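Trainee: My structure is in data12.tsv, and what it holds is TSV, C-alpha atoms and all ligand atoms:
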```
chain	number	residue	atom	x	y	z
A	1	MET	CA	-26.79	-4.46	-2.56
A	2	VAL	CA	-23.82	-4.84	-4.89
A	3	ASP	CA	-22.56	-8.14	-6.25
A	4	VAL	CA	-18.92	-7.50	-5.35
A	5	LEU	CA	-17.65	-5.06	-2.77
A	6	ILE	CA	-13.90	-4.50	-2.90
A	7	VAL	CA	-11.92	-3.05	-0.04
A	8	GLY	CA	-8.88	-1.14	-1.31
A	9	ALA	CA	-8.37	0.77	-4.56
A	10	GLY	CA	-4.77	-0.28	-5.15
A	11	PRO	CA	-3.76	-2.09	-8.35
A	12	VAL	CA	-5.27	-5.37	-7.10
A	13	GLY	CA	-8.59	-3.87	-5.97
A	14	LEU	CA	-8.94	-1.94	-9.23
A	15	ALA	CA	-8.17	-5.06	-11.27
A	16	ALA	CA	-10.84	-6.94	-9.31
A	17	ALA	CA	-13.36	-4.17	-9.93
A	18	LEU	CA	-12.54	-4.19	-13.65
A	19	GLU	CA	-13.02	-7.92	-13.84
A	20	ALA	CA	-16.33	-7.75	-11.94
A	21	LYS	CA	-17.53	-5.09	-14.36
A	22	ARG	CA	-16.53	-7.17	-17.37
A	23	GLN	CA	-18.37	-10.15	-15.94
A	24	GLY	CA	-21.53	-8.04	-15.72
A	25	LEU	CA	-21.45	-7.87	-11.91
A	26	SER	CA	-22.17	-4.70	-10.01
A	27	HIS	CA	-19.26	-3.50	-7.89
A	28	LEU	CA	-18.23	-0.90	-5.35
A	29	VAL	CA	-14.71	-0.14	-4.12
A	30	LEU	CA	-14.12	1.35	-0.67
A	31	GLU	CA	-10.80	3.15	-0.35
A	32	ARG	CA	-9.53	4.77	2.84
A	33	GLY	CA	-7.39	7.28	0.93
A	34	THR	CA	-7.23	8.27	-2.71
A	35	VAL	CA	-7.11	5.85	-5.65
A	36	ALA	CA	-3.74	4.05	-5.48
A	37	GLU	CA	-3.05	5.62	-2.10
A	38	THR	CA	-0.05	3.37	-1.47
A	39	LEU	CA	1.67	4.61	-4.64
A	40	TYR	CA	0.76	8.16	-3.74
A	41	ARG	CA	2.78	7.67	-0.54
A	42	PHE	CA	5.82	6.12	-2.25
A	43	PRO	CA	9.06	8.14	-2.30
A	44	ARG	CA	8.64	10.84	-4.93
A	45	GLN	CA	11.54	9.84	-7.19
A	46	MET	CA	10.84	6.12	-6.96
A	47	VAL	CA	11.12	3.97	-10.09
A	48	PHE	CA	9.38	0.57	-10.06
A	49	PHE	CA	11.54	-2.51	-10.34
A	50	SER	CA	8.83	-4.11	-12.49
A	51	GLU	CA	8.55	-3.33	-16.16
A	52	SER	CA	5.42	-1.45	-17.17
A	53	LYS	CA	3.81	-4.42	-18.91
A	54	ASN	CA	3.96	-6.43	-15.69
A	55	ILE	CA	1.91	-4.01	-13.62
A	56	GLU	CA	-0.74	-3.09	-16.19
A	57	ILE	CA	-4.39	-3.87	-15.41
A	58	GLY	CA	-7.42	-4.54	-17.58
A	59	GLY	CA	-5.40	-4.55	-20.80
A	60	HIS	CA	-4.71	-0.81	-20.60
A	61	PRO	CA	-1.14	0.00	-21.66
A	62	LEU	CA	1.03	1.77	-19.13
A	63	VAL	CA	3.17	4.11	-21.19
A	64	SER	CA	6.36	5.22	-19.48
A	65	GLN	CA	9.43	7.14	-20.60
A	66	GLY	CA	11.83	4.42	-19.49
A	67	PRO	CA	11.48	0.62	-19.46
A	68	LYS	CA	10.23	0.89	-15.88
A	69	PRO	CA	7.60	3.35	-14.77
A	70	THR	CA	8.13	6.04	-12.18
A	71	ARG	CA	5.86	6.44	-9.18
A	72	LEU	CA	4.09	9.36	-10.87
A	73	GLU	CA	3.55	7.52	-14.16
A	74	ALA	CA	2.07	4.52	-12.34
A	75	LEU	CA	-0.03	6.65	-9.99
A	76	LEU	CA	-1.59	8.60	-12.86
A	77	TYR	CA	-2.05	5.37	-14.82
A	78	TYR	CA	-4.11	3.65	-12.12
A	79	GLN	CA	-6.16	6.77	-11.43
A	80	ARG	CA	-6.91	7.23	-15.14
A	81	VAL	CA	-7.83	3.59	-15.66
A	82	ALA	CA	-10.33	3.87	-12.77
A	83	GLU	CA	-11.76	7.03	-14.26
A	84	ARG	CA	-11.89	5.84	-17.89
A	85	GLU	CA	-13.51	2.55	-16.90
A	86	GLY	CA	-16.04	4.35	-14.72
A	87	LEU	CA	-15.18	2.24	-11.70
A	88	ARG	CA	-17.29	3.01	-8.65
A	89	VAL	CA	-14.79	4.01	-5.98
A	90	LEU	CA	-15.72	5.65	-2.70
A	91	THR	CA	-12.53	7.39	-1.61
A	92	TYR	CA	-11.70	8.36	1.97
A	93	THR	CA	-13.98	5.59	3.21
A	94	GLU	CA	-12.29	3.08	5.45
A	95	ALA	CA	-13.69	-0.41	5.92
A	96	VAL	CA	-13.67	-1.21	9.62
A	97	GLY	CA	-15.50	-4.54	9.74
A	98	ILE	CA	-17.23	-7.29	7.80
A	99	GLN	CA	-20.24	-9.28	8.98
A	100	GLY	CA	-22.51	-11.87	7.45
A	101	GLU	CA	-21.91	-14.74	5.10
A	102	GLU	CA	-21.63	-15.57	1.40
A	103	GLY	CA	-24.47	-13.92	-0.46
A	104	ALA	CA	-25.31	-11.52	2.37
A	105	PHE	CA	-22.31	-9.58	3.68
A	106	GLN	CA	-22.36	-6.20	5.40
A	107	VAL	CA	-19.18	-4.17	5.21
A	108	LEU	CA	-18.98	-1.51	7.87
A	109	ALA	CA	-17.11	1.60	6.80
A	110	ARG	CA	-16.25	4.98	8.20
A	111	ASP	CA	-15.98	8.27	6.36
A	112	ARG	CA	-15.93	11.85	7.57
A	113	PHE	CA	-19.69	11.79	8.13
A	114	GLY	CA	-19.67	8.67	10.32
A	115	GLU	CA	-20.19	4.93	9.95
A	116	LYS	CA	-22.27	3.17	7.29
A	117	ALA	CA	-23.01	-0.42	6.33
A	118	PHE	CA	-22.66	-1.55	2.71
A	119	PRO	CA	-24.48	-4.77	1.77
A	120	ALA	CA	-22.75	-7.04	-0.76
A	121	ARG	CA	-23.05	-10.58	-2.07
A	122	TYR	CA	-19.28	-11.05	-2.16
A	123	VAL	CA	-16.35	-9.16	-0.64
A	124	VAL	CA	-12.80	-8.90	-1.96
A	125	VAL	CA	-10.26	-7.65	0.57
A	126	ALA	CA	-7.41	-6.05	-1.40
A	127	THR	CA	-5.80	-3.96	1.30
A	128	GLY	CA	-2.20	-4.69	0.29
A	129	TYR	CA	0.78	-4.59	2.58
A	130	PHE	CA	3.04	-1.67	1.74
A	131	GLY	CA	0.46	0.94	2.67
A	132	ASN	CA	0.89	0.15	6.35
A	133	LEU	CA	3.86	2.26	7.24
A	134	LYS	CA	6.09	1.59	10.19
A	135	THR	CA	6.62	4.86	11.95
A	136	CYS	CA	9.80	5.87	13.73
A	137	THR	CA	10.52	8.39	16.40
A	138	TYR	CA	13.44	10.74	16.03
A	139	PRO	CA	15.97	10.59	17.50
A	140	PRO	CA	15.69	6.80	17.57
A	141	PRO	CA	16.01	5.48	21.14
A	142	ALA	CA	17.80	2.30	20.02
A	143	TYR	CA	17.42	1.52	16.31
A	144	PRO	CA	13.66	1.08	16.71
A	145	CYS	CA	12.94	0.90	13.00
A	146	ALA	CA	15.49	-1.72	12.05
A	147	ARG	CA	13.84	-5.08	11.59
A	148	GLY	CA	13.76	-7.79	8.96
A	149	PRO	CA	15.33	-11.03	7.84
A	150	LEU	CA	18.93	-12.15	7.47
A	151	GLU	CA	20.73	-9.90	5.04
A	152	LYS	CA	24.12	-10.66	3.46
A	153	GLY	CA	25.24	-12.79	6.38
A	154	ARG	CA	24.44	-10.15	8.96
A	155	ARG	CA	21.79	-10.69	11.54
A	156	VAL	CA	19.07	-8.11	11.38
A	157	PRO	CA	16.69	-7.37	14.25
A	158	SER	CA	13.66	-9.55	14.06
A	159	ASP	CA	11.42	-7.86	16.59
A	160	GLU	CA	10.85	-4.32	17.70
A	161	GLY	CA	14.50	-3.39	17.39
A	162	ARG	CA	15.40	-3.73	21.06
A	163	ASN	CA	19.06	-2.98	21.47
A	164	ASP	CA	20.09	-6.22	23.15
A	165	PRO	CA	23.94	-6.45	23.19
A	166	ASN	CA	23.70	-10.24	22.85
A	167	GLY	CA	20.94	-10.06	20.30
A	168	PRO	CA	20.84	-9.31	16.62
A	169	VAL	CA	22.90	-6.57	15.03
A	170	SER	CA	21.33	-3.58	13.40
A	171	PRO	CA	21.73	-3.42	9.60
A	172	LEU	CA	22.93	0.10	10.20
A	173	GLY	CA	25.90	-1.17	12.23
A	174	PRO	CA	26.59	-0.96	15.93
A	175	PRO	CA	26.12	2.31	17.77
A	176	GLY	CA	29.07	4.62	17.28
A	177	PRO	CA	29.93	8.19	16.41
A	178	PRO	CA	27.69	9.80	13.77
A	179	ALA	CA	28.91	9.58	10.18
A	180	ASN	CA	29.26	13.36	9.96
A	181	PRO	CA	30.12	14.49	13.46
A	182	SER	CA	29.72	18.16	14.09
A	183	PRO	CA	33.08	20.01	14.21
A	184	PRO	CA	34.60	20.64	17.63
A	185	PRO	CA	33.84	24.05	19.08
A	186	ARG	CA	36.37	26.76	18.14
A	187	PRO	CA	38.70	27.71	20.95
B	1	LIG	C1	9.18	1.35	-2.59
B	1	LIG	C2	8.31	0.24	-3.17
B	1	LIG	C3	8.51	-0.20	-4.47
B	1	LIG	C4	7.70	-1.20	-5.02
B	1	LIG	N1	7.92	-1.61	-6.32
B	1	LIG	C5	7.15	-2.57	-6.83
B	1	LIG	C6	7.37	-3.03	-8.17
B	1	LIG	O1	8.24	-2.56	-8.87
B	1	LIG	N2	6.57	-4.01	-8.65
B	1	LIG	C7	5.57	-4.57	-7.88
B	1	LIG	O2	4.87	-5.47	-8.39
B	1	LIG	N3	5.36	-4.16	-6.63
B	1	LIG	C8	6.12	-3.19	-6.09
B	1	LIG	N4	5.91	-2.79	-4.80
B	1	LIG	C9	4.87	-3.40	-4.07
B	1	LIG	C10	3.60	-2.65	-4.41
B	1	LIG	O3	3.32	-1.79	-3.36
B	1	LIG	C11	2.54	-3.64	-4.66
B	1	LIG	O4	2.87	-4.51	-5.74
B	1	LIG	C12	1.20	-3.00	-5.01
B	1	LIG	O5	0.99	-1.73	-4.42
B	1	LIG	C13	0.22	-4.01	-4.49
B	1	LIG	O6	-1.05	-3.58	-4.82
B	1	LIG	P1	-2.26	-3.90	-3.86
B	1	LIG	O7	-3.47	-3.39	-4.54
B	1	LIG	O8	-2.21	-5.31	-3.42
B	1	LIG	O9	-1.96	-3.07	-2.52
B	1	LIG	P2	-1.87	-1.50	-2.30
B	1	LIG	O10	-1.31	-0.80	-3.48
B	1	LIG	O11	-1.19	-1.32	-0.98
B	1	LIG	O12	-3.39	-1.08	-2.20
B	1	LIG	C14	-4.16	-1.34	-1.06
B	1	LIG	C15	-5.16	-0.23	-0.94
B	1	LIG	O13	-6.07	-0.57	0.12
B	1	LIG	C16	-6.35	0.60	0.85
B	1	LIG	N5	-6.81	0.17	2.17
B	1	LIG	C17	-6.09	-0.47	3.12
B	1	LIG	N6	-6.87	-0.75	4.18
B	1	LIG	C18	-8.10	-0.28	3.88
B	1	LIG	C19	-9.34	-0.25	4.58
B	1	LIG	N7	-9.48	-0.79	5.80
B	1	LIG	N8	-10.43	0.33	3.99
B	1	LIG	C20	-10.31	0.88	2.75
B	1	LIG	N9	-9.16	0.89	2.05
B	1	LIG	C21	-8.07	0.31	2.61
B	1	LIG	C22	-5.03	1.37	0.86
B	1	LIG	O14	-5.22	2.75	1.12
B	1	LIG	C23	-4.54	1.11	-0.56
B	1	LIG	O15	-4.97	2.09	-1.48
B	1	LIG	C24	6.68	-1.79	-4.24
B	1	LIG	C25	6.48	-1.34	-2.93
B	1	LIG	C26	7.29	-0.35	-2.40
B	1	LIG	C27	7.06	0.11	-0.97
```
Would you kindly transcribe this structure into structure tokens?
Ligand SMILES: Cc1cc2nc3c(=O)[nH]c(=O)nc-3n(C[C@H](O)[C@H](O)[C@H](O)COP(=O)(O)OP(=O)(O)OC[C@H]3O[C@@H](n4cnc5c(N)ncnc54)[C@H](O)[C@@H]3O)c2cc1C
Mentor:
Amino acid sequence: MVDVLIVGAGPVGLAAALEAKRQGLSHLVLERGTVAETLYRFPRQMVFFSESKNIEIGGHPLVSQGPKPTRLEALLYYQRVAEREGLRVLTYTEAVGIQGEEGAFQVLARDRFGEKAFPARYVVVATGYFGNLKTCTYPPPAYPCARGPLEKGRRVPSDEGRNDPNGPVSPLGPPGPPANPSPPPRP
């Protein structure tokens, strides 16, 4: 049994594992992908809007070429911090359930060999938000991916993007000809 079992090896889960270690508590991190999987899946050329110092963990400096780190700089940073600190991370192991109570939890997890139960005194769920991608079909039947809050005075679809003529307007604009229509066929 570990003292603290952490679900998710993103920045928050890794920071929790670091803190547990520094407090002298045993820890184990279950991660359904690789370390910092969400960042791994970010757009390749992405630059964070946060400055490096604001997304550092455990007092380790995040050195970046610009004032704000790129996806690759941050991804390598979190993976190296986990490695250097010797954090116990089980990658490609997805937590699928939690049972029990304080002091005696069982976290059920699935990896490629099947399901296992991990006993823990405490559980930290650090599964984030941005790792859960919304998938789209192409071609879109009716702006299925557009959803979100009010933006710059325009109403943005709030549910599954149903194309209700009396309902909200897509942030992409109303249906119309494509921006780059294909040229007419030659006579
Ligand atoms: C394009 C983009 C730009 C962003 N820029 C910034 C920025 O500049 N500054 C900022 O602060 N934030 C930014 N964010 C938000 C950023 O994603 C979060 O701040 C950061 O990733 C949160 O860390 P986290 O550990 O909470 O979650 P995550 O990084 O999402 O980590 C959660 C982890 O849990 C794992 N997981 C999920 N479910 C399970 C499960 N059942 N079992 C095991 N593992 C599981 C996931 O694989 C993932 O590795 C940005 C997000 C996007 C999409």
Trainee: Please identify the residues whose atoms come within 7 Å of ligand LIG 1 (chain B), using only C-alpha atoms and all ligand atoms, and report them as a count of residues only.
Mentor: 34
Trainee: Pick the closest to Asn54 (chain A) from A:Met1, A:Ala74, A:Leu90, A:Tyr40: which is it, counting all atoms listed in the file?
Mentor: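 Checking each of A:Met1, A:Ala74, A:Leu90, A:Tyr40 against Asn54 (chain A), counting all atoms listed in the file, the winner is A:Ala74.
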Trainee: Would you mind telling me which residue in A:Ala20, A:Leu5, A:Val47, A:Val89 lies nearest to Glu102 (chain A) when using all atoms listed in the file?
Mentor: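 Among A:Ala20, A:Leu5, A:Val47, A:Val89, it is A:Leu5 that comes nearest to Glu102 (chain A).
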Trainee: Hey, which of A:Arg88, A:Ser64, A:Asp111, A:Asn132 ends up closest to Leu76 (chain A)? Count only C-alpha atoms.
Mentor: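 Among the listed residues, A:Ser64 lies closest to Leu76 (chain A).
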Trainee: Using CA of Arg22 (chain A) and CA of Pro119 (chain A) as the two end points, give the distance in Å to one decimal.
Mentor: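 That distance, rounded to one decimal, is 20.9 Å.
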Trainee: For a test of reading the model, state the distance in Å between CA of Lys21 (chain A) and CA of Lys116 (chain A), rounded to one decimal.
Mentor: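 A separation of 23.7 Å between them.
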Trainee: If I take CA of Asp3 (chain A) and CA of Phe118 (chain A), how far is one from the other in Å, to one decimal?
Mentor: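 Taking CA of Asp3 (chain A) and CA of Phe118 (chain A), their separation equals 11.1 Å.
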Trainee: Would you please work out which residue, of A:Val63, A:Ala117, A:Leu87, A:Ala17, is nearest to Gln99 (chain A) when using only C-alpha atoms?
Mentor: A:Ala117
Trainee: In the coordinates of the file, take the point (-4.4, 0.4, -20.5) and a cut-off of 12 Å; then, counting only C-alpha atoms, name each qualifying protein, DNA or RNA residue as a list in words.
Mentor: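 Selection result: Ala15, Leu18, Ser52, Lys53, Asn54, Ile55, Glu56, Ile57, Gly58, Gly59, His60, Pro61, Leu62, Val63, Ser64, Ala74, Leu76, Tyr77, Tyr78, Gln79, Arg80, Val81, Ala82, Glu83, Arg84 and Glu85 of chain A.
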